[in-house]
Amino acid sequence: MSGKTVPMLWSDPSECCGCSACFAVCPKSAIAMKPDQFGFLYPEIDEALCVRCGSCTKVCAFKEKLD
């Protein structure tokens with residue numbers, strides 16, 4: 001792997017709608033959709049599987065607006 005860091009998909013629930021687009025596009029199945037305390041699903045990246053390709057952040061409509 002290059003020196004890239006694992007992408008930060010969200011840090012606050014307002015930064016993610018739980019659409020699972022990042023989950024669907026990940027070429028290594030490194031993203032799992034995990035429920036929060038209210039049952040809403042949010043992506044969680046397995047750092048061991050992530051190849052830091054950036055596909056997840058490219059497909060994220062929220063990242064597009066926030067970056």
# chains A, B, ... in the order shown; residues from 1 in each chain; ligands from 1
>>> select_by_dssp(residues="chain A", states="helix (DSSP H, G or I)", output="list in words")
Pro13, Ser14, Glu15, Ala21, Cys22, Phe23, Ala24, Val25, Ser55, Cys56, Thr57, Lys58, Val59, Ala61, Phe62, Lys63, Glu64, Lys65 and Leu66 of chain A
>>> residues_around(residues="Phe40 (chain A)", least_positions_apart="4", cutoff="12 Å", atoms="only C-alpha atoms", output="list in words")
Pro13, Ser14, Cys16, Cys17, Gly18, Cys19, Ser20, Met33, Lys34, Pro35 and Asp36 of chain A
>>> closest_residue(among="A:Lys4, A:Gly54, A:Leu49, A:Phe62", to="Lys28 (chain A)", atoms="only C-alpha atoms")
A:Leu49
>>> residues_around(residues="Val25 (chain A)", least_positions_apart="5", cutoff="9 Å", atoms="only C-alpha atoms", output="PyMOL selection string")
chain A and resi 20+55-56+59
>>> select_by_dssp(residues="chain A", states="strand (DSSP E or B)", output="number ranges by chain")
A: 31-35, 41-45
>>> residues_around(residues="Lys63 (chain A)", least_positions_apart="3", cutoff="9 Å", atoms="only C-alpha atoms", output="list in words")
Leu9, Trp10, Glu15, Cys16, Thr57, Lys58, Val59, Cys60, Leu66 and Asp67 of chain A
>>> atom_distance(atom1="CA of Pro7 (chain A)", atom2="CA of Ile45 (chain A)")
8.2 Å
>>> closest_residue(among="A:Ser11, A:Cys22, A:Ala30, A:Ala61", to="Ala48 (chain A)", atoms="only C-alpha atoms")
A:Ala30
